[in-house]
Protein chains: 2
Amino acid sequence: MEALIRYLLQYGNLNPEQIELIQSKAEPKTIEKGTYFSEAGKIAGQIGYVTEGILRVCYYNNIGEGFTRYFVYENRFVADINSFRDQLPSSEYIEAITDCSLMIFSKESFTELSNRIPVWNSIFAKITSNVLENKMKASSNMLVQDAQTRYIHFLEHYPGLANRVPLSMLASYLGITPSSLSRIRKNIT
Amino acid sequence: MEALIRYLLQYGNLNPEQIELIQSKAEPKTIEKGTYFSEAGKIAGQIGYVTEGILRVCYYNNIGEGFTRYFVYENRFVADINSFRDQLPSSEYIEAITDCSLMIFSKESFTELSNRIPVWNSIFAKITSNVLENKMKASSNMLVQDAQTRYIHFLEHYPGLANRVPLSMLASYLGITPSSLSRIRKNIT
DNA sequence: CTTGCCATTTGGCAATTGTCAAACGCAGGC
DNA sequence: GCCTGCGTTTGACAATTGCCAAATGGCAAG
């Protein structure tokens with residue numbers, strides 16, 4: 001909970017009453033490995049702050065193959081933000097890769113916080129654009145690098161994460177096949 | 001100018017006085033082919049709405065090669081949004097690929113509109129997250145497609161644009177070399 | 001018209017990555 | 001302990017893409 005508040009304070013100032021209000025609206029939630037926090041076609045009713053575990057934002061093609069857009073892990077927010085904000089159907093899935101513990105804000109709580117805390121929307125606007133821009137740059141950078149460079153960069157940028165996610169999901173994040181990832185890993189060690 | 005207002009109205013309601021206020025703050029600006037709308041390291045002082053022409057958001061590696069993250073063309077906003085919002089140094093360049101005509105809002109005008117139009121920030125928060133999410137998905141999708149598929153998708157998704165930008169810049173957007181793009185083009189026709 | 005420059009195309013070859021099938025290895029259920 | 005299933009690794013081969021150098025083509029300046 002302290003981590004959540006510290007995260008928010010990076011993006012705007014909050015006084016003690018506001019912090020208390022936020023804490024009163026945050027609800028703990030756990031989700032099991034393999035289940036979805038949010039599903040394509042459904043309306044996102046909550047936004048989560050990950051306190052333990054890893055999720056992935058992903059989609060499936062017409063023959064059921066899953067592709068990982070990115071991973072979300074401890075001390076980050078996770079949500080289909082456009083679905084949550086405008087209550088439109090989600091475009092993708094958010095899947096728990098491990099058992100996860102979250103602090104969530106329901107849409108109603110979030111709206112109340114918007115109304116009662118002037119900087120609330122500004123904080124989330126900043127978080128949203130920062131995160132999305134970083135994800136966009138990450139994908140865009142990978143596009144012009146070879147697979148081994150992408151993997152090494154992942155290891156350096158997300159220390160330890162490669163050991164916590166299935167390699168098949170990491171491969172689809174990197175845009176390569178599991179076979180290629182396996183060969184690259186052998187090559188490096 | 002009507003196009004700019006129509007674009008904004010997609011993201012929130014504005015009454016006639018608000019529309020007039022917005023119009024009074026929008027300034028026309030032209031920039032020449034080859035010059036920068038915004039430069040890495042400098043603070044973005046304006047956000048632009050493109051009425052004519054094409055720009056690219058790009059960066060340069062340590063040996064001076066330029067890479068295109070994405071193109072911005074008519075009836076879209078262009079800015080280094082994190083730099084503009086928080087007045088921090090820009091991370092990348094925004095370069096005019098053709099002579100361009102824009103309607104711009106200075107930081108001061110934008111702030112005044114924020115203060116006088118309640119939905120202004122909400123409109124731009126939606127635009128920002130929609131655009132960034134789409135760009136992120138586009139890069140992420142390309143990562144798992146072969147080069148020819150990426151090129152064909154570009155042709156279909158941005159009709160006519162391939163004929164208006166240098167092929168070398170399109171190649172770097174697609175994450176391939178100009179030679180490869182040339183071969184793919186020959187292959188298709 | 002000629003020249004020179006720069007973007008694009010082309011060719012040959014090398015490196016990377018994909019595809020497919022088989023083998024391997026580990027964890028959970030019986 | 002043994003089976004079974006799934007994720008990962010490995011091998012052989014094919015396809016894609018990169019790299020480098022040369023040729024081509026268009027455009028602008030002289």
# chains A, B, ... in the order shown; residues from 1 in each chain; ligands from 1
$ closest_atom_pairs --of "chain B" --to "chain A" --cutoff "8 Å" --atoms "only C-alpha atoms" --output "CSV"
residue,atom,partner,partner_atom,distance
B:Arg69,CA,A:Ser140,CA,6.3
B:Asn82,CA,A:Asn130,CA,7.1
B:Ala125,CA,A:Ala125,CA,5.8
B:Lys126,CA,A:Asn82,CA,7.8
B:Thr128,CA,A:Ser129,CA,6.6
B:Ser129,CA,A:Ser129,CA,6.1
B:Asn130,CA,A:Asn82,CA,7.1
B:Leu132,CA,A:Leu132,CA,5.9
B:Glu133,CA,A:Leu132,CA,6.2
B:Lys135,CA,A:Met136,CA,6.3
B:Met136,CA,A:Met136,CA,4.0
B:Lys137,CA,A:Met136,CA,7.5
B:Ser139,CA,A:Ser140,CA,5.3
B:Ser140,CA,A:Ser139,CA,5.3
B:Met142,CA,A:Leu143,CA,7.5
B:Leu143,CA,A:Gly175,CA,5.0
B:Val144,CA,A:Gly175,CA,4.7
B:Ser172,CA,A:Val144,CA,7.5
B:Leu174,CA,A:Leu143,CA,7.5
B:Gly175,CA,A:Val144,CA,4.8
B:Ile176,CA,A:Val144,CA,7.1
$ write_last_selection --atoms "N, CA and C atoms" --output "mmCIF file, in the first residue's frame"
data_model
loop_
_atom_site.group_PDB
_atom_site.id
_atom_site.type_symbol
_atom_site.label_atom_id
_atom_site.label_comp_id
_atom_site.auth_asym_id
_atom_site.auth_seq_id
_atom_site.Cartn_x
_atom_site.Cartn_y
_atom_site.Cartn_z
ATOM 1 N N ARG B 69 9.987 6.413 -36.069
ATOM 2 C CA ARG B 69 9.048 5.713 -35.184
ATOM 3 C C ARG B 69 7.664 5.666 -35.799
ATOM 4 N N ASN B 82 4.964 14.274 -23.716
ATOM 5 C CA ASN B 82 5.496 14.333 -22.349
ATOM 6 C C ASN B 82 6.337 15.587 -22.133
ATOM 7 N N ALA B 125 -6.246 13.964 -22.860
ATOM 8 C CA ALA B 125 -5.859 12.688 -22.244
ATOM 9 C C ALA B 125 -6.341 11.535 -23.119
ATOM 10 N N LYS B 126 -7.561 11.644 -23.634
ATOM 11 C CA LYS B 126 -8.084 10.583 -24.499
ATOM 12 C C LYS B 126 -7.314 10.493 -25.807
ATOM 13 N N THR B 128 -4.287 11.429 -26.405
ATOM 14 C CA THR B 128 -2.948 10.917 -26.122
ATOM 15 C C THR B 128 -2.942 9.406 -25.931
ATOM 16 N N SER B 129 -3.846 8.908 -25.091
ATOM 17 C CA SER B 129 -3.781 7.468 -24.828
ATOM 18 C C SER B 129 -4.255 6.665 -26.033
ATOM 19 N N ASN B 130 -5.240 7.175 -26.771
ATOM 20 C CA ASN B 130 -5.654 6.465 -27.985
ATOM 21 C C ASN B 130 -4.522 6.380 -28.995
ATOM 22 N N LEU B 132 -1.220 6.849 -28.609
ATOM 23 C CA LEU B 132 -0.055 6.086 -28.173
ATOM 24 C C LEU B 132 -0.347 4.593 -28.157
ATOM 25 N N GLU B 133 -1.551 4.226 -27.718
ATOM 26 C CA GLU B 133 -1.873 2.803 -27.706
ATOM 27 C C GLU B 133 -1.890 2.241 -29.127
ATOM 28 N N LYS B 135 -0.185 3.359 -31.694
ATOM 29 C CA LYS B 135 1.190 3.278 -32.194
ATOM 30 C C LYS B 135 1.899 2.073 -31.570
ATOM 31 N N MET B 136 1.658 1.887 -30.284
ATOM 32 C CA MET B 136 2.285 0.748 -29.599
ATOM 33 C C MET B 136 1.836 -0.566 -30.218
ATOM 34 N N LYS B 137 0.542 -0.694 -30.451
ATOM 35 C CA LYS B 137 0.037 -1.930 -31.050
ATOM 36 C C LYS B 137 0.590 -2.127 -32.451
ATOM 37 N N SER B 139 3.518 -1.153 -33.685
ATOM 38 C CA SER B 139 4.893 -1.646 -33.614
ATOM 39 C C SER B 139 4.922 -3.087 -33.130
ATOM 40 N N SER B 140 4.132 -3.358 -32.107
ATOM 41 C CA SER B 140 4.088 -4.695 -31.534
ATOM 42 C C SER B 140 3.591 -5.712 -32.559
ATOM 43 N N MET B 142 3.888 -5.468 -35.824
ATOM 44 C CA MET B 142 4.898 -5.635 -36.877
ATOM 45 C C MET B 142 5.982 -6.608 -36.450
ATOM 46 N N LEU B 143 6.242 -6.615 -35.138
ATOM 47 C CA LEU B 143 7.310 -7.463 -34.606
ATOM 48 C C LEU B 143 7.100 -8.945 -34.933
ATOM 49 N N VAL B 144 5.851 -9.362 -35.070
ATOM 50 C CA VAL B 144 5.589 -10.778 -35.299
ATOM 51 C C VAL B 144 5.148 -11.065 -36.737
ATOM 52 N N SER B 172 12.839 2.298 -42.612
ATOM 53 C CA SER B 172 13.238 2.298 -41.196
ATOM 54 C C SER B 172 12.007 2.208 -40.295
ATOM 55 N N LEU B 174 9.434 0.386 -41.063
ATOM 56 C CA LEU B 174 9.062 -1.033 -41.141
ATOM 57 C C LEU B 174 10.107 -1.942 -40.500
ATOM 58 N N GLY B 175 11.247 -1.376 -40.166
ATOM 59 C CA GLY B 175 12.294 -2.165 -39.529
ATOM 60 C C GLY B 175 13.087 -3.008 -40.501
ATOM 61 N N ILE B 176 13.202 -2.549 -41.753
ATOM 62 C CA ILE B 176 13.988 -3.268 -42.754
ATOM 63 C C ILE B 176 14.919 -2.292 -43.469
#
$ residues_around --residues "segment 3-12 of chain C" --least-positions-apart "4" --cutoff "10 Å" --atoms "only C-alpha atoms (C1' of nucleotides)" --output "number ranges by chain"
B: 166-168, 178-179, 181-183, 186; D: 20-30
$ closest_atom_pairs --of "chain D" --to "chain A" --cutoff "9 Å" --atoms "only C-alpha atoms (C1' of nucleotides)" --output "tab-separated table"
residue	atom	partner	partner_atom	distance
D:DG7	C1'	A:Ser168	CA	8.0
D:DT8	C1'	A:Ser182	CA	7.5
D:DT9	C1'	A:Ser182	CA	6.6
D:DT10	C1'	A:Arg183	CA	8.7
$ residues_around --residues "Leu14 of chain B" --least-positions-apart "5" --cutoff "10 Å" --atoms "only C-alpha atoms (C1' of nucleotides)" --output "tab-separated table (two decimals) with C-alpha atoms, in the first residue's frame"
chain	number	residue	atom	x	y	z
B	5	ILE	CA	-12.74	21.45	-34.16
B	8	LEU	CA	-11.68	17.66	-30.89
B	9	LEU	CA	-15.44	17.06	-30.80
B	19	ILE	CA	-15.06	26.59	-29.75
B	20	GLU	CA	-14.56	30.27	-30.41
B	22	ILE	CA	-10.13	27.56	-29.02
B	117	ILE	CA	-12.49	24.72	-20.65
B	118	PRO	CA	-13.23	21.96	-18.13
B	119	VAL	CA	-13.14	19.08	-20.64
B	120	TRP	CA	-9.95	20.29	-22.35
$ select_by_dssp --residues "segment 5-162 of chain A" --states "strand (DSSP E or B)" --output "number ranges by chain"
A: 27-31, 36-38, 43, 46-52, 55-60, 66-72, 77-78, 89, 93-96, 100-106
$ write_last_selection --atoms "C-alpha atoms" --output "PDB file, in the first residue's frame"
ATOM      1  CA  GLU A  27      -9.244  -2.992  -2.365  1.00  0.00           C
ATOM      2  CA  PRO A  28      -6.957  -6.024  -2.201  1.00  0.00           C
ATOM      3  CA  LYS A  29      -7.609  -8.706  -4.787  1.00  0.00           C
ATOM      4  CA  THR A  30      -5.889 -11.902  -5.731  1.00  0.00           C
ATOM      5  CA  ILE A  31      -6.122 -13.666  -9.069  1.00  0.00           C
ATOM      6  CA  TYR A  36      -7.782 -13.159 -16.774  1.00  0.00           C
ATOM      7  CA  PHE A  37      -7.776  -9.794 -15.053  1.00  0.00           C
ATOM      8  CA  SER A  38      -9.505  -8.350 -18.098  1.00  0.00           C
ATOM      9  CA  ILE A  43     -15.701  -3.706 -20.240  1.00  0.00           C
ATOM     10  CA  GLN A  46     -11.247  -1.978 -12.441  1.00  0.00           C
ATOM     11  CA  ILE A  47      -7.687  -0.790 -12.573  1.00  0.00           C
ATOM     12  CA  GLY A  48      -5.075  -2.695 -10.597  1.00  0.00           C
ATOM     13  CA  TYR A  49      -1.747  -1.975  -8.943  1.00  0.00           C
ATOM     14  CA  VAL A  50       0.363  -5.128  -8.847  1.00  0.00           C
ATOM     15  CA  THR A  51       1.824  -5.907  -5.418  1.00  0.00           C
ATOM     16  CA  GLU A  52       2.891  -9.467  -6.221  1.00  0.00           C
ATOM     17  CA  LEU A  55       0.603 -10.516 -15.812  1.00  0.00           C
ATOM     18  CA  ARG A  56       0.801 -10.141 -19.536  1.00  0.00           C
ATOM     19  CA  VAL A  57      -1.214  -8.024 -21.955  1.00  0.00           C
ATOM     20  CA  CYS A  58      -1.862 -10.281 -24.912  1.00  0.00           C
ATOM     21  CA  TYR A  59      -4.056 -11.134 -27.885  1.00  0.00           C
ATOM     22  CA  TYR A  60      -4.881 -14.211 -29.920  1.00  0.00           C
ATOM     23  CA  GLY A  66      -1.308 -16.077 -28.205  1.00  0.00           C
ATOM     24  CA  PHE A  67       1.015 -13.094 -28.531  1.00  0.00           C
ATOM     25  CA  THR A  68       2.409 -11.103 -25.635  1.00  0.00           C
ATOM     26  CA  ARG A  69       2.401  -7.339 -26.036  1.00  0.00           C
ATOM     27  CA  TYR A  70       4.111  -6.692 -22.715  1.00  0.00           C
ATOM     28  CA  PHE A  71       4.466  -7.889 -19.153  1.00  0.00           C
ATOM     29  CA  VAL A  72       3.239  -6.090 -16.045  1.00  0.00           C
ATOM     30  CA  PHE A  77      -0.541  -0.335 -12.752  1.00  0.00           C
ATOM     31  CA  VAL A  78      -2.365  -2.681 -15.067  1.00  0.00           C
ATOM     32  CA  PRO A  89     -15.174  -3.100 -24.721  1.00  0.00           C
ATOM     33  CA  TYR A  93      -6.676  -9.869 -22.700  1.00  0.00           C
ATOM     34  CA  ILE A  94      -4.767  -9.344 -19.481  1.00  0.00           C
ATOM     35  CA  GLU A  95      -3.692 -12.721 -18.149  1.00  0.00           C
ATOM     36  CA  ALA A  96      -2.114 -13.659 -14.825  1.00  0.00           C
ATOM     37  CA  CYS A 100      -1.087 -12.301  -8.391  1.00  0.00           C
ATOM     38  CA  SER A 101      -1.928  -9.896  -5.597  1.00  0.00           C
ATOM     39  CA  LEU A 102      -3.296  -6.523  -6.601  1.00  0.00           C
ATOM     40  CA  MET A 103      -4.751  -3.402  -5.085  1.00  0.00           C
ATOM     41  CA  ILE A 104      -7.675  -2.436  -7.270  1.00  0.00           C
ATOM     42  CA  PHE A 105      -9.837   0.627  -7.768  1.00  0.00           C
ATOM     43  CA  SER A 106     -13.321  -0.031  -9.103  1.00  0.00           C
TER      44      SER A 106
END
$ select_by_dssp --residues "segment 18-184 of chain B" --states "alpha helix (DSSP H)" --output "JSON, numbers by chain"
{"B": [18, 19, 20, 21, 22, 23, 24, 25, 81, 82, 83, 84, 85, 86, 107, 108, 109, 110, 111, 112, 113, 114, 115, 116, 120, 121, 122, 123, 124, 125, 126, 127, 128, 129, 130, 131, 132, 133, 134, 135, 136, 137, 138, 139, 140, 141, 142, 143, 147, 148, 149, 150, 151, 152, 153, 154, 155, 156, 157, 167, 168, 169, 170, 171, 172, 173, 174, 178, 179, 180, 181, 182, 183, 184]}
$ closest_atom_pairs --of "chain C" --to "chain A" --cutoff "9 Å" --atoms "only C-alpha atoms (C1' of nucleotides)" --output "CSV"
residue,atom,partner,partner_atom,distance
C:DT16,C1',A:Asp146,CA,8.1
C:DT17,C1',A:Ser180,CA,6.9
C:DG18,C1',A:Thr177,CA,7.5
$ write_last_selection --atoms "N, CA and C atoms (P, O5', C5', C4', C3', O3' and C1' of nucleotides)" --output "mmCIF file, in the first residue's frame"
data_model
loop_
_atom_site.group_PDB
_atom_site.id
_atom_site.type_symbol
_atom_site.label_atom_id
_atom_site.label_comp_id
_atom_site.auth_asym_id
_atom_site.auth_seq_id
_atom_site.Cartn_x
_atom_site.Cartn_y
_atom_site.Cartn_z
ATOM 1 P P DT C 16 24.500 -13.987 -37.485
ATOM 2 O "O5'" DT C 16 22.913 -13.923 -37.661
ATOM 3 C "C5'" DT C 16 22.321 -12.731 -38.158
ATOM 4 C "C4'" DT C 16 20.844 -12.967 -38.364
ATOM 5 C "C3'" DT C 16 20.122 -13.592 -37.176
ATOM 6 O "O3'" DT C 16 19.018 -12.752 -36.871
ATOM 7 C "C1'" DT C 16 19.619 -14.769 -39.176
ATOM 8 P P DT C 17 18.145 -13.032 -35.551
ATOM 9 O "O5'" DT C 17 16.965 -13.954 -36.108
ATOM 10 C "C5'" DT C 17 16.108 -13.440 -37.107
ATOM 11 C "C4'" DT C 17 15.214 -14.533 -37.635
ATOM 12 C "C3'" DT C 17 14.500 -15.364 -36.542
ATOM 13 O "O3'" DT C 17 13.106 -15.133 -36.657
ATOM 14 C "C1'" DT C 17 15.372 -16.730 -38.285
ATOM 15 P P DG C 18 12.021 -16.128 -35.974
ATOM 16 O "O5'" DG C 18 11.675 -17.114 -37.176
ATOM 17 C "C5'" DG C 18 11.164 -16.567 -38.393
ATOM 18 C "C4'" DG C 18 10.590 -17.661 -39.279
ATOM 19 C "C3'" DG C 18 9.575 -18.569 -38.592
ATOM 20 O "O3'" DG C 18 8.533 -18.884 -39.517
ATOM 21 C "C1'" DG C 18 11.444 -19.855 -39.314
#
$ atom_distance --atom1 "atom CA of Glu32 of chain B" --atom2 "atom CA of Ala171 of chain B"
22.7 Å
$ residues_around --residues "segment 157-159 of chain A" --least-positions-apart "3" --cutoff "12 Å" --atoms "only C-alpha atoms (C1' of nucleotides)" --output "VMD selection string"
chain A and resid 70 to 74 138 149 to 154 162 to 165 170
$ residues_around --residues "Ser91 of chain B" --least-positions-apart "3" --cutoff "8 Å" --atoms "only C-alpha atoms (C1' of nucleotides)" --output "PyMOL selection string"
chain B and resi 39-41+80+83
$ write_last_selection --atoms "C-alpha atoms" --output "mmCIF file, in the first residue's frame"
data_model
loop_
_atom_site.group_PDB
_atom_site.id
_atom_site.type_symbol
_atom_site.label_atom_id
_atom_site.label_comp_id
_atom_site.auth_asym_id
_atom_site.auth_seq_id
_atom_site.Cartn_x
_atom_site.Cartn_y
_atom_site.Cartn_z
ATOM 1 C CA GLU B 39 14.150 18.517 -31.271
ATOM 2 C CA ALA B 40 15.612 16.000 -28.837
ATOM 3 C CA GLY B 41 16.948 17.744 -25.758
ATOM 4 C CA ASP B 80 6.373 15.338 -27.949
ATOM 5 C CA SER B 83 7.850 17.209 -23.065
#
$ residues_around --residues "DA12 of chain D" --least-positions-apart "2" --cutoff "12 Å" --atoms "only C-alpha atoms (C1' of nucleotides)" --output "tab-separated table (two decimals) with C-alpha atoms (C1' of nucleotides), in the first residue's frame"
chain	number	residue	atom	x	y	z
C	19	DT	C1'	9.47	-24.51	-39.89
C	20	DC	C1'	8.84	-29.10	-38.72
C	21	DA	C1'	9.76	-33.14	-36.32
C	22	DA	C1'	11.94	-35.53	-32.76
D	10	DT	C1'	17.89	-29.69	-30.63
D	14	DA	C1'	14.32	-23.74	-46.13
$ atom_distance --atom1 "atom CA of Lys33 of chain A" --atom2 "atom CA of Asn61 of chain A"
21.7 Å
$ closest_residue --among "A:Ile123, A:Ile188, A:Lys42, A:Ala26" --to "Asn13 of chain A" --atoms "only C-alpha atoms"
A:Ile123
$ decode --residues "segment 9-27 of chain D" --atoms "N, CA and C atoms (P, O5', C5', C4', C3', O3' and C1' of nucleotides)" --output "short mmCIF file (atom, residue, chain, number, x, y, z; two decimals), in the first residue's frame"
data_model
loop_
_atom_site.label_atom_id
_atom_site.label_comp_id
_atom_site.auth_asym_id
_atom_site.auth_seq_id
_atom_site.Cartn_x
_atom_site.Cartn_y
_atom_site.Cartn_z
P DT D 9 15.11 -23.79 -23.35
"O5'" DT D 9 15.64 -25.04 -24.19
"C5'" DT D 9 16.09 -26.20 -23.50
"C4'" DT D 9 16.49 -27.27 -24.50
"C3'" DT D 9 17.52 -26.82 -25.55
"O3'" DT D 9 18.61 -27.73 -25.48
"C1'" DT D 9 15.70 -27.93 -26.59
P DT D 10 20.01 -27.38 -26.17
"O5'" DT D 10 19.94 -28.20 -27.53
"C5'" DT D 10 19.63 -29.59 -27.49
"C4'" DT D 10 19.31 -30.11 -28.87
"C3'" DT D 10 20.20 -29.58 -29.99
"O3'" DT D 10 21.00 -30.64 -30.46
"C1'" DT D 10 17.89 -29.69 -30.63
P DG D 11 22.16 -30.46 -31.52
"O5'" DG D 11 21.46 -30.91 -32.88
"C5'" DG D 11 20.74 -32.13 -32.91
"C4'" DG D 11 20.14 -32.34 -34.29
"C3'" DG D 11 20.98 -31.75 -35.43
"O3'" DG D 11 21.08 -32.72 -36.47
"C1'" DG D 11 18.75 -30.90 -35.52
P DA D 12 22.05 -32.48 -37.71
"O5'" DA D 12 20.98 -32.22 -38.88
"C5'" DA D 12 19.87 -33.10 -39.01
"C4'" DA D 12 18.98 -32.60 -40.14
"C3'" DA D 12 19.74 -31.99 -41.32
"O3'" DA D 12 19.11 -32.38 -42.53
"C1'" DA D 12 18.24 -30.40 -40.44
P DC D 13 19.79 -32.03 -43.94
"O5'" DC D 13 18.82 -30.89 -44.52
"C5'" DC D 13 17.42 -31.14 -44.55
"C4'" DC D 13 16.68 -29.84 -44.68
"C3'" DC D 13 17.14 -28.94 -45.85
"O3'" DC D 13 16.06 -28.82 -46.76
"C1'" DC D 13 16.77 -27.69 -43.86
P DA D 14 16.27 -27.92 -48.10
"O5'" DA D 14 15.26 -26.71 -47.81
"C5'" DA D 14 13.98 -27.00 -47.25
"C4'" DA D 14 13.27 -25.68 -46.97
"C3'" DA D 14 13.37 -24.66 -48.10
"O3'" DA D 14 12.13 -24.01 -48.23
"C1'" DA D 14 14.32 -23.74 -46.13
P DA D 15 11.88 -22.96 -49.45
"O5'" DA D 15 11.72 -21.59 -48.67
"C5'" DA D 15 10.90 -21.54 -47.51
"C4'" DA D 15 11.12 -20.22 -46.82
"C3'" DA D 15 11.15 -19.02 -47.78
"O3'" DA D 15 10.20 -18.07 -47.33
"C1'" DA D 15 13.07 -19.01 -46.36
P DT D 16 10.11 -16.60 -48.08
"O5'" DT D 16 10.91 -15.66 -47.05
"C5'" DT D 16 10.65 -15.78 -45.66
"C4'" DT D 16 11.59 -14.88 -44.90
"C3'" DT D 16 11.67 -13.44 -45.43
"O3'" DT D 16 11.43 -12.59 -44.32
"C1'" DT D 16 13.84 -14.35 -45.19
P DT D 17 11.21 -11.01 -44.57
"O5'" DT D 17 12.68 -10.43 -44.35
"C5'" DT D 17 13.30 -10.64 -43.10
"C4'" DT D 17 14.76 -10.25 -43.18
"C3'" DT D 17 15.03 -8.87 -43.81
"O3'" DT D 17 15.53 -8.02 -42.81
"C1'" DT D 17 16.57 -10.54 -44.58
P DG D 18 16.31 -6.61 -43.15
"O5'" DG D 18 17.84 -7.07 -43.14
"C5'" DG D 18 18.36 -7.74 -41.99
"C4'" DG D 18 19.87 -7.85 -42.08
"C3'" DG D 18 20.58 -6.53 -42.40
"O3'" DG D 18 21.80 -6.48 -41.68
"C1'" DG D 18 21.01 -8.11 -44.14
P DC D 19 22.73 -5.15 -41.70
"O5'" DC D 19 23.82 -5.49 -42.81
"C5'" DC D 19 24.67 -6.62 -42.62
"C4'" DC D 19 25.62 -6.73 -43.80
"C3'" DC D 19 26.22 -5.39 -44.24
"O3'" DC D 19 27.63 -5.54 -44.34
"C1'" DC D 19 25.29 -6.54 -46.10
P DC D 20 28.59 -4.24 -44.33
"O5'" DC D 20 29.14 -4.19 -45.81
"C5'" DC D 20 29.64 -5.39 -46.41
"C4'" DC D 20 29.68 -5.23 -47.91
"C3'" DC D 20 30.06 -3.82 -48.38
"O3'" DC D 20 31.19 -3.92 -49.23
"C1'" DC D 20 28.16 -4.63 -49.54
P DA D 21 31.97 -2.60 -49.74
"O5'" DA D 21 31.83 -2.76 -51.32
"C5'" DA D 21 31.70 -4.05 -51.89
"C4'" DA D 21 31.09 -3.94 -53.27
"C3'" DA D 21 31.41 -2.63 -53.98
"O3'" DA D 21 31.75 -2.89 -55.33
"C1'" DA D 21 29.08 -2.93 -53.90
P DA D 22 32.32 -1.75 -56.29
"O5'" DA D 22 31.27 -1.79 -57.50
"C5'" DA D 22 30.82 -3.06 -57.97
"C4'" DA D 22 29.54 -2.86 -58.75
"C3'" DA D 22 29.59 -1.67 -59.72
"O3'" DA D 22 29.08 -2.09 -60.98
"C1'" DA D 22 27.68 -1.53 -58.33
P DA D 23 29.09 -1.10 -62.25
"O5'" DA D 23 27.52 -0.92 -62.53
"C5'" DA D 23 26.70 -2.09 -62.60
"C4'" DA D 23 25.25 -1.65 -62.66
"C3'" DA D 23 24.97 -0.54 -63.68
"O3'" DA D 23 23.80 -0.90 -64.39
"C1'" DA D 23 24.21 0.13 -61.54
P DT D 24 23.37 -0.03 -65.70
"O5'" DT D 24 22.09 0.76 -65.17
"C5'" DT D 24 21.12 0.06 -64.40
"C4'" DT D 24 20.19 1.06 -63.76
"C3'" DT D 24 19.78 2.22 -64.67
"O3'" DT D 24 18.38 2.13 -64.86
"C1'" DT D 24 20.32 2.97 -62.49
P DG D 25 17.66 3.07 -65.98
"O5'" DG D 25 17.02 4.20 -65.08
"C5'" DG D 25 16.46 3.86 -63.83
"C4'" DG D 25 16.04 5.14 -63.12
"C3'" DG D 25 15.73 6.29 -64.10
"O3'" DG D 25 14.54 6.92 -63.69
"C1'" DG D 25 17.38 6.96 -62.52
P DG D 26 13.89 8.07 -64.62
"O5'" DG D 26 13.77 9.25 -63.56
"C5'" DG D 26 13.39 8.96 -62.21
"C4'" DG D 26 13.68 10.16 -61.34
"C3'" DG D 26 13.31 11.49 -61.98
"O3'" DG D 26 12.82 12.36 -60.97
"C1'" DG D 26 15.62 11.47 -61.50
P DC D 27 12.01 13.67 -61.38
"O5'" DC D 27 12.75 14.81 -60.54
"C5'" DC D 27 13.43 14.46 -59.32
"C4'" DC D 27 14.50 15.50 -59.03
"C3'" DC D 27 14.23 16.88 -59.65
"O3'" DC D 27 14.54 17.88 -58.71
"C1'" DC D 27 16.35 16.11 -60.30
#
